[in-house]
$ cat input-v1.csv   # CSV, C-alpha atoms and all ligand atoms
chain,number,residue,atom,x,y,z
A,3,MET,CA,36.6,47.2,-34.4
A,4,MET,CA,33.2,47.2,-32.9
A,5,SER,CA,32.5,43.8,-34.2
A,6,LEU,CA,35.7,42.4,-32.8
A,7,TYR,CA,34.6,43.6,-29.4
A,8,VAL,CA,31.1,42.3,-29.7
A,9,TYR,CA,31.9,38.9,-31.1
A,10,LEU,CA,34.2,37.4,-28.4
A,11,LEU,CA,35.9,34.0,-28.6
A,12,VAL,CA,34.6,32.0,-25.7
A,13,ILE,CA,35.9,28.6,-24.8
A,14,VAL,CA,33.5,26.5,-22.7
A,15,SER,CA,34.5,23.2,-21.3
A,16,LEU,CA,31.9,20.5,-21.4
A,17,CYS,CA,31.0,18.2,-18.6
A,18,ALA,CA,29.3,15.4,-20.3
A,19,ALA,CA,30.7,13.1,-22.9
A,20,GLU,CA,27.4,13.1,-24.8
A,21,THR,CA,27.7,16.8,-25.5
A,22,SER,CA,29.3,17.9,-28.7
A,23,ASP,CA,32.3,20.0,-29.5
A,24,LYS,CA,30.9,21.4,-32.8
A,25,SER,CA,31.4,25.1,-33.2
A,26,VAL,CA,28.1,27.0,-32.9
A,27,PHE,CA,28.0,30.2,-34.9
A,28,GLN,CA,24.7,32.0,-34.4
A,29,GLY,CA,24.4,35.4,-35.9
A,30,VAL,CA,27.9,35.4,-37.4
A,31,PRO,CA,28.0,38.5,-39.6
A,32,SER,CA,28.9,38.4,-43.2
A,33,ASP,CA,32.4,39.1,-44.2
A,34,ASN,CA,31.4,42.5,-45.6
A,35,SER,CA,30.5,43.7,-42.1
A,36,PHE,CA,34.2,43.6,-41.1
A,37,PRO,CA,36.9,46.0,-42.3
A,38,LYS,CA,39.2,44.6,-45.0
A,39,TRP,CA,42.1,43.9,-42.6
A,40,SER,CA,39.8,42.0,-40.2
A,41,ARG,CA,38.3,40.0,-43.1
A,42,ARG,CA,41.8,38.7,-44.0
A,43,ILE,CA,42.3,37.7,-40.3
A,44,LEU,CA,38.9,36.0,-40.2
A,45,ASN,CA,39.5,34.0,-43.3
A,46,SER,CA,42.9,32.8,-42.2
A,47,PRO,CA,43.5,30.1,-39.6
A,48,PRO,CA,42.4,29.8,-36.9
A,49,PHE,CA,39.5,32.1,-37.8
A,50,LYS,CA,38.6,30.6,-41.1
A,51,LYS,CA,34.9,31.0,-41.6
A,52,PRO,CA,33.1,27.8,-40.8
A,53,GLU,CA,30.2,26.3,-42.6
A,54,ARG,CA,26.9,27.0,-40.8
A,55,LYS,CA,25.6,24.2,-38.6
A,56,PHE,CA,22.3,23.3,-37.1
A,57,TRP,CA,21.9,22.1,-33.5
A,58,PRO,CA,22.1,19.5,-32.3
A,59,PRO,CA,25.5,18.9,-34.0
A,60,THR,CA,27.0,15.4,-34.4
A,61,GLN,CA,29.0,13.7,-31.7
A,62,LYS,CA,32.7,14.2,-31.4
A,63,GLU,CA,35.2,13.4,-28.7
A,64,SER,CA,36.9,16.8,-28.2
A,65,ARG,CA,36.0,18.6,-25.0
A,66,PHE,CA,35.9,22.2,-26.3
A,67,LEU,CA,33.2,24.4,-27.8
A,68,SER,CA,34.1,27.6,-29.6
A,69,LEU,CA,31.6,30.4,-29.7
A,70,PHE,CA,31.8,33.8,-31.5
A,71,THR,CA,28.8,35.0,-29.5
A,72,VAL,CA,28.2,35.3,-25.8
A,73,ILE,CA,25.1,33.3,-24.9
A,74,THR,CA,23.2,33.8,-21.7
A,75,PHE,CA,19.9,32.2,-20.5
A,76,PRO,CA,18.1,31.8,-17.2
A,77,ASN,CA,18.5,28.6,-15.1
A,78,GLY,CA,14.8,27.8,-15.3
A,79,ASP,CA,13.0,24.5,-15.6
A,80,CYS,CA,13.5,22.6,-18.8
A,81,ALA,CA,12.0,19.5,-20.4
A,82,GLY,CA,14.6,16.8,-20.6
A,83,ALA,CA,14.9,14.3,-23.5
A,84,SER,CA,12.9,11.7,-21.4
A,85,GLY,CA,10.0,14.2,-20.9
A,86,ASP,CA,11.1,14.9,-17.3
A,87,ASN,CA,11.7,18.4,-15.9
A,88,GLY,CA,15.2,19.4,-15.0
A,89,THR,CA,17.1,22.6,-14.5
A,90,CYS,CA,18.7,24.3,-17.5
A,91,LEU,CA,22.5,24.9,-16.9
A,92,THR,CA,25.5,25.6,-19.0
A,93,ALA,CA,28.0,22.8,-19.4
A,94,ARG,CA,30.3,24.7,-17.1
A,95,GLU,CA,27.7,25.0,-14.4
A,96,CYS,CA,26.8,21.3,-14.5
A,97,SER,CA,30.5,20.3,-14.3
A,98,GLY,CA,31.3,18.8,-10.9
A,99,LYS,CA,27.7,18.6,-9.7
A,100,GLY,CA,26.4,15.1,-9.0
A,101,GLY,CA,23.7,14.6,-11.6
A,102,SER,CA,22.4,13.3,-14.8
A,103,VAL,CA,22.3,15.2,-18.1
A,104,ASN,CA,18.9,14.7,-19.8
A,105,GLY,CA,19.0,16.4,-23.1
A,106,TYR,CA,19.5,20.0,-24.3
A,107,CYS,CA,17.7,23.3,-23.5
A,108,ALA,CA,18.0,27.0,-24.3
A,109,ASN,CA,18.0,26.3,-28.0
A,110,GLY,CA,20.8,23.8,-27.5
A,111,PHE,CA,23.1,26.0,-25.5
A,112,GLY,CA,22.2,24.5,-22.1
A,113,LEU,CA,22.0,21.0,-20.7
A,114,CYS,CA,18.9,19.9,-18.9
A,115,PHE,CA,20.3,18.7,-15.6
A,116,MET,CA,18.9,16.5,-12.9
A,117,LYS,CA,20.5,16.1,-9.4
A,118,SER,CA,21.8,12.7,-8.5
A,119,CYS,CA,24.3,10.9,-6.3
A,120,GLY,CA,26.5,13.2,-4.2
A,121,ALA,CA,24.6,16.4,-5.1
A,122,THR,CA,23.5,19.2,-2.8
A,123,THR,CA,20.5,21.3,-3.4
A,124,SER,CA,19.2,24.5,-1.9
A,125,GLU,CA,16.6,25.0,-4.7
A,126,ASN,CA,12.9,24.5,-4.4
A,127,GLY,CA,11.5,21.9,-6.8
A,128,THR,CA,14.7,19.9,-7.4
A,129,TYR,CA,14.4,16.4,-8.9
A,130,PHE,CA,16.6,13.7,-7.3
A,131,VAL,CA,17.1,10.9,-9.8
A,132,ASN,CA,19.1,7.6,-10.0
A,133,SER,CA,22.5,7.6,-11.6
A,134,GLY,CA,22.0,7.4,-15.4
A,135,TYR,CA,18.3,8.4,-15.3
A,136,PRO,CA,16.1,8.0,-17.3
A,137,ALA,CA,17.8,4.6,-17.8
A,138,VAL,CA,17.5,2.1,-14.9
A,139,PHE,CA,20.3,1.7,-12.4
A,140,ASP,CA,21.3,-1.9,-11.7
A,141,GLY,CA,24.2,-1.5,-9.2
A,142,THR,CA,24.9,-1.4,-5.5
A,143,GLY,CA,26.0,1.4,-3.3
A,144,SER,CA,24.7,4.5,-1.6
A,145,CYS,CA,23.2,7.5,-3.5
A,146,GLU,CA,22.7,10.6,-1.4
A,147,LEU,CA,21.1,14.0,-2.0
A,148,THR,CA,21.8,16.7,0.6
A,149,VAL,CA,18.9,19.2,0.9
A,150,VAL,CA,19.8,22.6,2.4
A,151,LYS,CA,17.0,25.0,3.2
A,152,SER,CA,16.5,27.5,0.4
A,153,ASP,CA,15.4,30.0,3.0
A,154,PRO,CA,15.5,30.1,6.9
A,155,ASP,CA,11.7,30.2,6.9
A,156,VAL,CA,11.5,26.7,5.3
A,157,CYS,CA,10.3,24.2,7.9
A,158,GLN,CA,9.0,21.2,5.9
A,159,ILE,CA,10.2,19.3,2.9
A,160,ARG,CA,7.7,17.4,0.8
A,161,LEU,CA,9.0,14.4,-1.2
A,162,ASP,CA,6.9,13.2,-4.2
A,163,PHE,CA,7.8,9.8,-5.5
A,164,VAL,CA,7.3,10.4,-9.2
A,165,ARG,CA,9.2,7.2,-10.0
A,166,PHE,CA,10.1,4.8,-7.2
A,167,ALA,CA,11.1,1.2,-7.9
A,168,ILE,CA,13.8,-0.4,-5.8
A,169,ALA,CA,14.1,-4.0,-4.6
A,170,GLY,CA,11.3,-5.0,-2.2
A,171,PRO,CA,11.5,-6.4,1.3
A,172,ASP,CA,12.5,-10.0,2.2
A,173,GLN,CA,9.6,-12.5,1.8
A,174,THR,CA,9.7,-13.9,5.3
A,175,ASN,CA,9.6,-10.8,7.6
A,176,HIS,CA,9.1,-8.0,5.1
A,177,VAL,CA,12.1,-6.1,6.2
A,178,CYS,CA,13.9,-3.8,3.7
A,179,ASN,CA,17.2,-5.5,4.0
A,180,GLN,CA,18.3,-5.3,0.3
A,181,ASP,CA,17.4,-1.8,-0.9
A,182,GLN,CA,16.1,1.0,1.2
A,183,PHE,CA,15.2,4.7,1.0
A,184,ILE,CA,16.3,6.6,4.1
A,185,VAL,CA,15.7,10.1,5.3
A,186,SER,CA,18.0,11.5,7.9
A,187,GLY,CA,18.5,14.9,9.6
A,188,GLY,CA,14.8,15.7,10.1
A,189,ASN,CA,12.1,14.0,12.2
A,190,PRO,CA,12.3,10.1,12.4
A,191,VAL,CA,11.1,8.6,9.1
A,192,PRO,CA,10.6,4.8,8.6
A,193,GLY,CA,12.9,3.3,5.9
A,194,ILE,CA,10.9,2.1,2.9
A,195,CYS,CA,11.6,-0.1,-0.2
A,196,GLY,CA,9.8,-1.7,-3.1
A,197,VAL,CA,7.5,0.2,-5.4
A,198,ASN,CA,6.1,3.5,-4.1
A,199,GLN,CA,5.3,5.5,-7.3
A,200,GLY,CA,2.7,8.2,-6.5
A,201,GLY,CA,3.5,8.2,-2.8
A,202,HIS,CA,4.8,11.1,-0.8
A,203,MET,CA,6.3,12.1,2.5
A,204,TYR,CA,6.6,15.3,4.6
A,205,ILE,CA,9.9,15.8,6.4
A,206,ASP,CA,10.0,18.1,9.4
A,207,ALA,CA,13.1,20.3,8.8
A,208,GLY,CA,12.8,22.2,12.0
A,209,VAL,CA,12.7,26.0,12.4
A,210,GLY,CA,15.6,28.3,11.7
A,211,THR,CA,18.9,27.0,10.3
A,212,THR,CA,19.3,23.4,11.1
A,213,ASN,CA,21.3,20.5,9.8
A,214,PRO,CA,20.6,19.6,6.2
A,215,VAL,CA,18.2,16.7,5.4
A,216,LYS,CA,19.8,13.8,3.6
A,217,LEU,CA,17.9,11.6,1.2
A,218,THR,CA,19.7,8.3,0.6
A,219,PHE,CA,19.0,5.3,-1.6
A,220,VAL,CA,21.0,2.3,-0.4
A,221,THR,CA,21.1,-0.5,-3.0
A,222,SER,CA,22.6,-3.9,-2.3
A,223,GLY,CA,22.1,-7.6,-3.0
A,224,THR,CA,21.0,-9.2,-6.3
A,225,SER,CA,20.6,-7.5,-9.6
A,226,PHE,CA,17.5,-5.3,-9.9
A,227,GLU,CA,16.5,-2.6,-12.3
A,228,ARG,CA,16.1,0.4,-10.1
A,229,LEU,CA,14.5,3.7,-11.1
A,230,TRP,CA,13.7,6.7,-9.0
A,231,LYS,CA,12.8,10.4,-9.5
A,232,VAL,CA,11.9,12.3,-6.3
A,233,LYS,CA,10.6,15.8,-6.4
A,234,VAL,CA,11.9,17.8,-3.5
A,235,THR,CA,9.6,20.8,-2.5
A,236,GLN,CA,10.6,23.2,0.2
A,237,ILE,CA,7.7,24.5,2.3
A,238,PRO,CA,7.9,27.7,4.2
A,239,CYS,CA,6.5,27.7,7.8
A,240,SER,CA,4.1,30.5,7.0
A,241,THR,CA,2.2,28.8,4.1
A,242,ILE,CA,-1.3,27.5,4.4
A,243,TYR,CA,-0.4,24.3,2.5
A,244,LYS,CA,2.1,23.2,5.2
A,245,ALA,CA,1.2,19.8,6.6
A,246,GLU,CA,0.0,19.5,10.2
A,247,GLU,CA,2.6,18.6,12.8
A,248,GLY,CA,3.5,14.9,13.2
A,249,CYS,CA,2.2,13.8,9.8
A,250,LEU,CA,4.5,11.8,7.5
A,251,GLN,CA,1.7,11.8,4.9
A,252,TYR,CA,-0.8,14.6,4.5
A,253,TYR,CA,-3.9,14.6,2.3
A,254,THR,CA,-6.2,17.4,1.3
A,255,GLY,CA,-9.6,17.2,-0.3
A,256,VAL,CA,-13.0,15.9,0.6
A,257,SER,CA,-12.1,12.4,-0.8
A,258,GLY,CA,-9.0,10.5,-1.7
A,259,GLN,CA,-7.0,7.3,-1.4
A,260,LEU,CA,-4.5,6.2,1.2
A,261,ARG,CA,-2.0,3.4,0.6
A,262,SER,CA,0.6,1.9,2.8
A,263,PHE,CA,4.1,1.9,1.3
A,264,ASN,CA,4.9,-0.8,-1.2
A,265,TYR,CA,1.1,-1.6,-1.5
A,266,ASP,CA,0.2,-3.6,-4.5
A,267,PRO,CA,-2.7,-6.1,-4.4
A,268,ALA,CA,-0.8,-8.5,-6.8
A,269,SER,CA,2.6,-8.8,-5.2
A,270,GLY,CA,3.4,-5.9,-2.9
A,271,LEU,CA,4.3,-6.9,0.7
A,272,GLN,CA,3.4,-4.8,3.7
A,273,LEU,CA,6.6,-3.3,5.1
A,274,SER,CA,7.9,-4.1,8.6
A,275,ASN,CA,9.3,-1.4,11.0
A,276,GLN,CA,6.7,1.2,10.1
A,277,ASP,CA,5.4,3.8,12.5
A,278,TYR,CA,4.0,7.0,11.2
A,279,GLY,CA,1.0,9.3,11.1
A,280,ILE,CA,-1.3,9.9,8.1
A,281,CYS,CA,-3.3,13.1,8.3
A,282,ILE,CA,-6.3,14.3,6.3
A,283,ARG,CA,-7.0,18.0,6.3
A,284,MET,CA,-10.5,18.7,7.7
A,285,GLU,CA,-12.3,20.5,5.0
A,286,ARG,CA,-14.7,23.4,5.8
A,287,ASN,CA,-18.1,22.2,7.1
A,288,PHE,CA,-17.0,18.5,7.4
A,289,CYS,CA,-17.1,16.8,10.7
A,290,GLY,CA,-16.4,13.2,10.2
A,291,ILE,CA,-14.6,10.8,7.8
A,292,GLN,CA,-15.4,7.4,6.4
A,293,TYR,CA,-13.0,4.8,5.3
A,294,SER,CA,-13.6,1.8,3.0
A,295,VAL,CA,-11.3,-0.6,1.2
A,296,CYS,CA,-10.2,0.1,-2.4
A,297,PRO,CA,-11.5,-2.3,-5.0
A,298,ASP,CA,-9.1,-5.2,-5.6
A,299,THR,CA,-9.4,-6.3,-9.2
A,300,VAL,CA,-6.5,-8.8,-9.0
A,301,ASN,CA,-7.5,-11.3,-6.3
A,302,ASN,CA,-10.7,-13.3,-5.9
A,303,ARG,CA,-10.9,-12.2,-2.2
A,304,SER,CA,-9.9,-8.6,-1.6
A,305,ARG,CA,-6.4,-8.1,-0.2
A,306,ALA,CA,-6.8,-4.4,0.0
A,307,PHE,CA,-6.7,-4.6,3.8
A,308,THR,CA,-4.4,-7.4,4.9
A,309,LEU,CA,-2.3,-6.5,8.0
A,310,SER,CA,-2.0,-9.8,9.9
A,311,GLY,CA,-2.7,-13.5,9.6
A,312,ASN,CA,-2.1,-15.6,6.5
A,313,SER,CA,-3.8,-13.7,3.8
A,314,ASN,CA,-3.6,-16.6,1.4
A,315,ASN,CA,-6.7,-17.7,3.4
A,316,PRO,CA,-9.7,-15.6,4.4
A,317,VAL,CA,-8.9,-13.8,7.7
A,318,ASN,CA,-11.4,-11.9,9.8
A,319,SER,CA,-10.9,-8.4,11.0
A,320,MET,CA,-9.2,-8.0,14.4
A,321,ILE,CA,-9.7,-5.0,16.7
A,322,GLY,CA,-8.3,-3.6,19.9
A,323,SER,CA,-4.9,-3.4,21.6
A,324,GLY,CA,-4.9,-6.5,23.8
A,325,ALA,CA,-2.8,-9.6,23.3
A,326,GLY,CA,-5.6,-12.0,22.4
A,327,PRO,CA,-5.9,-13.8,19.1
A,328,ASN,CA,-8.3,-11.2,17.7
A,329,ASN,CA,-6.5,-8.2,19.0
A,330,CYS,CA,-3.8,-6.1,17.3
A,331,ALA,CA,-0.7,-6.4,19.4
A,332,ASN,CA,1.9,-6.3,16.6
A,333,ASP,CA,0.7,-4.6,13.4
A,334,TRP,CA,-2.2,-2.2,13.2
A,335,LEU,CA,-3.9,0.8,11.7
A,336,LEU,CA,-5.1,3.2,14.3
A,337,VAL,CA,-8.4,4.8,13.4
A,338,PRO,CA,-9.5,6.9,16.4
A,339,CYS,CA,-12.8,5.8,17.8
A,340,ALA,CA,-13.8,3.8,14.7
A,341,ALA,CA,-17.3,2.5,14.3
A,342,ASN,CA,-19.0,0.7,11.4
A,343,VAL,CA,-21.4,2.8,9.5
A,344,GLY,CA,-25.0,1.5,9.9
A,345,ARG,CA,-24.3,-0.2,13.2
A,346,ILE,CA,-27.5,-0.5,15.2
A,347,GLN,CA,-28.0,1.7,18.2
A,348,PRO,CA,-27.0,1.8,21.0
A,349,ALA,CA,-23.9,-0.2,20.0
A,350,GLN,CA,-22.8,2.8,17.8
A,351,ALA,CA,-21.6,4.4,21.0
A,352,LEU,CA,-18.9,1.8,21.2
A,353,CYS,CA,-15.8,2.3,19.1
A,354,THR,CA,-12.4,0.8,18.7
A,355,ASP,CA,-9.0,2.2,17.8
A,356,ARG,CA,-6.7,-0.4,16.4
A,357,ILE,CA,-7.8,-2.4,13.4
A,358,CYS,CA,-5.8,-5.3,11.8
A,359,GLY,CA,-6.4,-8.8,10.5
A,360,GLY,CA,-7.4,-9.5,6.9
A,361,THR,CA,-10.8,-7.7,6.7
A,362,PHE,CA,-11.5,-4.0,7.2
A,363,SER,CA,-14.2,-3.6,9.9
A,364,ALA,CA,-14.5,-2.0,13.3
A,365,ASP,CA,-16.2,-5.2,14.5
A,366,LEU,CA,-14.9,-8.8,14.5
A,367,SER,CA,-16.2,-9.8,11.1
A,368,MET,CA,-15.4,-11.6,7.8
A,369,GLN,CA,-17.2,-8.8,5.9
A,370,SER,CA,-15.5,-5.6,5.0
A,371,THR,CA,-17.5,-2.5,5.9
A,372,THR,CA,-17.3,1.3,5.8
A,373,VAL,CA,-15.8,2.7,9.0
A,374,LEU,CA,-16.6,6.1,10.4
A,375,SER,CA,-14.5,8.3,12.7
A,376,THR,CA,-15.4,11.7,14.1
A,377,VAL,CA,-12.3,12.4,16.1
A,378,LYS,CA,-10.7,15.6,15.0
A,379,PRO,CA,-8.3,16.3,13.5
A,380,PHE,CA,-8.6,13.4,11.0
A,381,ARG,CA,-5.6,11.2,11.6
A,382,LEU,CA,-4.5,7.6,11.3
A,383,TRP,CA,-1.5,5.9,12.7
A,384,PHE,CA,0.2,2.9,11.0
A,385,HIS,CA,2.4,0.6,13.0
A,386,THR,CA,4.2,-2.7,12.1
A,387,ASP,CA,6.8,-4.6,14.1
A,388,ASN,CA,9.8,-6.5,12.5
A,389,VAL,CA,8.2,-10.0,12.5
A,390,GLU,CA,5.8,-11.6,10.0
A,391,ALA,CA,6.4,-15.4,9.6
A,392,PRO,CA,5.2,-17.9,10.6
A,393,VAL,CA,1.9,-16.4,11.7
A,394,ASP,CA,1.6,-13.5,9.3
A,395,ILE,CA,2.0,-14.5,5.6
A,396,ASP,CA,1.8,-12.5,2.3
A,397,ASN,CA,0.0,-9.5,3.8
A,398,ARG,CA,-0.2,-6.6,1.4
A,399,GLY,CA,-0.8,-3.6,3.8
A,400,PHE,CA,-3.8,-1.4,3.1
A,401,CYS,CA,-5.4,0.7,0.5
A,402,LEU,CA,-8.4,2.8,1.7
A,403,ASN,CA,-10.6,5.3,0.1
A,404,TYR,CA,-11.8,8.1,2.4
A,405,VAL,CA,-14.7,10.5,2.1
A,406,GLN,CA,-15.3,13.3,4.5
A,407,GLN,CA,-18.8,13.6,6.0
A,408,PRO,CA,-20.6,17.0,6.2
A,409,CYS,CA,-21.6,18.3,9.6
A,410,THR,CA,-25.2,18.5,8.4
A,411,ASN,CA,-25.3,14.7,7.9
A,412,ASN,CA,-26.0,13.9,11.6
A,413,VAL,CA,-22.2,13.8,12.1
A,414,MET,CA,-21.0,15.8,15.0
A,501,CA,CA,4.5,-7.7,11.7

$ encode --input "input-v1.csv" --output "structure tokens"
Amino acid sequence: MMSLYVYLLVIVSLCAAETSDKSVFQGVPSDNSFPKWSRRILNSPPFKKPERKFWPPTQKESRFLSLFTVITFPNGDCAGASGDNGTCLTARECSGKGGSVNGYCANGFGLCFMKSCGATTSENGTYFVNSGYPAVFDGTGSCELTVVKSDPDVCQIRLDFVRFAIAGPDQTNHVCNQDQFIVSGGNPVPGICGVNQGGHMYIDAGVGTTNPVKLTFVTSGTSFERLWKVKVTQIPCSTIYKAEEGCLQYYTGVSGQLRSFNYDPASGLQLSNQDYGICIRMERNFCGIQYSVCPDTVNNRSRAFTLSGNSNNPVNSMIGSGAGPNNCANDWLLVPCAANVGRIQPAQALCTDRICGGTFSADLSMQSTTVLSTVKPFRLWFHTDNVEAPVDIDNRGFCLNYVQQPCTNNVM
């Protein structure tokens, strides 16, 4: 009798067609462990002893899975079939949730599940993927993930673009009018498109219980093989790794690399309608920060800083906020009180804020230089309007390497 209580018949409905219906008998006792009367029952239909099977079983179309044991496992991280992390859920748990099943977990009893269109998450560390991930999505529509605070103390949400390839902006004015990634419900965030793998954003979720933050991929227009996987990390207000206020991007470390969205020296186009802050945490005993353009191994003349002008031709740096031909009235990177390193005194006392054009320098120049800023905290601001052609052609945006400067290095 004990065995009959212990080995319960459980029917579990499956949520994904790719899962199997094959019966799984783990630890089924031998016939001799049952009393004679129960052996007769077990050997007659519907309890005829099955042959042992190994997971994963073969595919079938039935939607039921019979178990003679009750299986429990924690809903922890799992490695999906594509090598991506997901959350391990039972078939019943993943039923009805918007998402993508990405292989098995818990010795085959769970499904490795990733959130997708229409899902809501209140978990820290969720991955938001395109429909059908890890396959590409070539369709149109709107795919939205609703992010609810996992705790009232959460006040920021960090998005890491592990995979991010959607259609880029239009060729004329660089506006994201085909595909776009939109964040709503938090602080204003510029819409972005194109390729942004490796990029990140911090979203201000406000204090206390506020409206959920919604992450939306809008896809439209021509055929395009889209792929995205966004890690959503919830950051409590009290943590030391929280970003400073007003920073869409936040970098830590003595050195690093900053890129505008959709930057690619070969074919990426600077995005229009951008307006956001980029912050670098001041590390201990560092008083200044130097910026220089990243190497451009693709083009004969570096396009690593091309914000305005026709970058198919050499374009000098432009500085300042006036409306003249060498000023930055429309698109600019703001580097507070920027001055070229090595500039001869007393001109070093002079500095500029806005830099644009096709060469990175704090002076009007055709030669890229290293630029120093000692304004604290370390912050840049990037702004673009909604017009490019006919004056501004094929600009890539920027890629800058930064290195913080120690206070002992004559930097105040
Ligand atoms: Ca512009």

$ atom_distance --input "input-v1.csv" --atom1 "atom CA of A:Phe166" --atom2 "atom CA of A:Gln236"
19.8 Å

$ residues_around --input "input-v1.csv" --residues "A:Pro392" --least-positions-apart "6" --cutoff "10 Å" --atoms "all atoms listed in the file" --output "count of residues only"
4

$ closest_residue --input "input-v1.csv" --among "A:Asn332, A:Arg261, A:Phe380, A:Asn342" --to "ligand CA 501 (chain A)" --atoms "all atoms listed in the file"
A:Asn332

$ atom_distance --input "input-v1.csv" --atom1 "atom CA of A:Val215" --atom2 "atom CA of A:Thr123"
10.2 Å

$ closest_atom_pairs --input "input-v1.csv" --of "chain A" --to "ligand CA 501 (chain A)" --cutoff "8 Å" --atoms "all atoms listed in the file" --output "tab-separated table"
residue	atom	partner	partner_atom	distance
A:Asn175	CA	A:CA501	CA	7.2
A:Ser274	CA	A:CA501	CA	5.8
A:Asn275	CA	A:CA501	CA	8.0
A:Leu309	CA	A:CA501	CA	7.8
A:Ser310	CA	A:CA501	CA	7.1
A:Asn332	CA	A:CA501	CA	5.7
A:Asp333	CA	A:CA501	CA	5.2
A:Thr386	CA	A:CA501	CA	5.0
A:Asp387	CA	A:CA501	CA	4.5
A:Asn388	CA	A:CA501	CA	5.5
A:Val389	CA	A:CA501	CA	4.4
A:Glu390	CA	A:CA501	CA	4.4
A:Asp394	CA	A:CA501	CA	6.9

$ write_last_selection --input "input-v1.csv" --atoms "C-alpha atoms" --output "compact mmCIF listing (two decimals), in the coordinates of the input"
# COMPACT_ATOMS: atom_id res chain seq x y z
CA ASN A 175 9.60 -10.80 7.60
CA SER A 274 7.90 -4.10 8.60
CA ASN A 275 9.30 -1.40 11.00
CA LEU A 309 -2.30 -6.50 8.00
CA SER A 310 -2.00 -9.80 9.90
CA ASN A 332 1.90 -6.30 16.60
CA ASP A 333 0.70 -4.60 13.40
CA THR A 386 4.20 -2.70 12.10
CA ASP A 387 6.80 -4.60 14.10
CA ASN A 388 9.80 -6.50 12.50
CA VAL A 389 8.20 -10.00 12.50
CA GLU A 390 5.80 -11.60 10.00
CA ASP A 394 1.60 -13.50 9.30

$ closest_atom_pairs --input "input-v1.csv" --of "stretch 146-206 of chain A" --to "stretch 227-231 of chain A" --cutoff "12 Å" --atoms "only C-alpha atoms" --output "tab-separated table"
residue	atom	partner	partner_atom	distance
A:Leu147	CA	A:Lys231	CA	11.8
A:Leu161	CA	A:Lys231	CA	10.0
A:Asp162	CA	A:Lys231	CA	8.4
A:Phe163	CA	A:Lys231	CA	6.4
A:Val164	CA	A:Lys231	CA	5.5
A:Arg165	CA	A:Trp230	CA	4.6
A:Phe166	CA	A:Trp230	CA	4.5
A:Ala167	CA	A:Leu229	CA	5.3
A:Ile168	CA	A:Arg228	CA	4.9
A:Ala169	CA	A:Arg228	CA	7.3
A:Gly170	CA	A:Arg228	CA	10.7
A:Asp181	CA	A:Arg228	CA	9.5
A:Gln182	CA	A:Arg228	CA	11.3
A:Phe183	CA	A:Trp230	CA	10.3
A:Cys195	CA	A:Arg228	CA	10.9
A:Gly196	CA	A:Arg228	CA	9.6
A:Val197	CA	A:Trp230	CA	9.7
A:Asn198	CA	A:Trp230	CA	9.6
A:Gln199	CA	A:Trp230	CA	8.7
A:Gly200	CA	A:Lys231	CA	10.8
A:Gly201	CA	A:Lys231	CA	11.7
A:His202	CA	A:Lys231	CA	11.8

$ write_last_selection --input "input-v1.csv" --atoms "C-alpha atoms" --output "PDB file, keeping the file's coordinate frame"
ATOM      1  CA  LEU A 147      21.100  14.000  -2.000  1.00  0.00           C
ATOM      2  CA  LEU A 161       9.000  14.400  -1.200  1.00  0.00           C
ATOM      3  CA  ASP A 162       6.900  13.200  -4.200  1.00  0.00           C
ATOM      4  CA  PHE A 163       7.800   9.800  -5.500  1.00  0.00           C
ATOM      5  CA  VAL A 164       7.300  10.400  -9.200  1.00  0.00           C
ATOM      6  CA  ARG A 165       9.200   7.200 -10.000  1.00  0.00           C
ATOM      7  CA  PHE A 166      10.100   4.800  -7.200  1.00  0.00           C
ATOM      8  CA  ALA A 167      11.100   1.200  -7.900  1.00  0.00           C
ATOM      9  CA  ILE A 168      13.800  -0.400  -5.800  1.00  0.00           C
ATOM     10  CA  ALA A 169      14.100  -4.000  -4.600  1.00  0.00           C
ATOM     11  CA  GLY A 170      11.300  -5.000  -2.200  1.00  0.00           C
ATOM     12  CA  ASP A 181      17.400  -1.800  -0.900  1.00  0.00           C
ATOM     13  CA  GLN A 182      16.100   1.000   1.200  1.00  0.00           C
ATOM     14  CA  PHE A 183      15.200   4.700   1.000  1.00  0.00           C
ATOM     15  CA  CYS A 195      11.600  -0.100  -0.200  1.00  0.00           C
ATOM     16  CA  GLY A 196       9.800  -1.700  -3.100  1.00  0.00           C
ATOM     17  CA  VAL A 197       7.500   0.200  -5.400  1.00  0.00           C
ATOM     18  CA  ASN A 198       6.100   3.500  -4.100  1.00  0.00           C
ATOM     19  CA  GLN A 199       5.300   5.500  -7.300  1.00  0.00           C
ATOM     20  CA  GLY A 200       2.700   8.200  -6.500  1.00  0.00           C
ATOM     21  CA  GLY A 201       3.500   8.200  -2.800  1.00  0.00           C
ATOM     22  CA  HIS A 202       4.800  11.100  -0.800  1.00  0.00           C
TER      23      HIS A 202
END

$ residues_near_point --input "input-v1.csv" --point "(-12.1, 15.2, 3.5)" --cutoff "8 Å" --atoms "all atoms listed in the file" --output "VMD selection string"
chain A and resid 254 to 258 282 to 285 288 291 404 to 407

$ closest_atom_pairs --input "input-v1.csv" --of "stretch 152-267 of chain A" --to "stretch 396-402 of chain A" --cutoff "7 Å" --atoms "all atoms listed in the file" --output "JSON lines"
{"residue": "A:Gln259", "atom": "CA", "partner": "A:Leu402", "partner_atom": "CA", "distance": 5.6}
{"residue": "A:Leu260", "atom": "CA", "partner": "A:Leu402", "partner_atom": "CA", "distance": 5.2}
{"residue": "A:Arg261", "atom": "CA", "partner": "A:Cys401", "partner_atom": "CA", "distance": 4.3}
{"residue": "A:Ser262", "atom": "CA", "partner": "A:Phe400", "partner_atom": "CA", "distance": 5.5}
{"residue": "A:Tyr265", "atom": "CA", "partner": "A:Arg398", "partner_atom": "CA", "distance": 5.9}
{"residue": "A:Asp266", "atom": "CA", "partner": "A:Arg398", "partner_atom": "CA", "distance": 6.6}
{"residue": "A:Pro267", "atom": "CA", "partner": "A:Arg398", "partner_atom": "CA", "distance": 6.3}
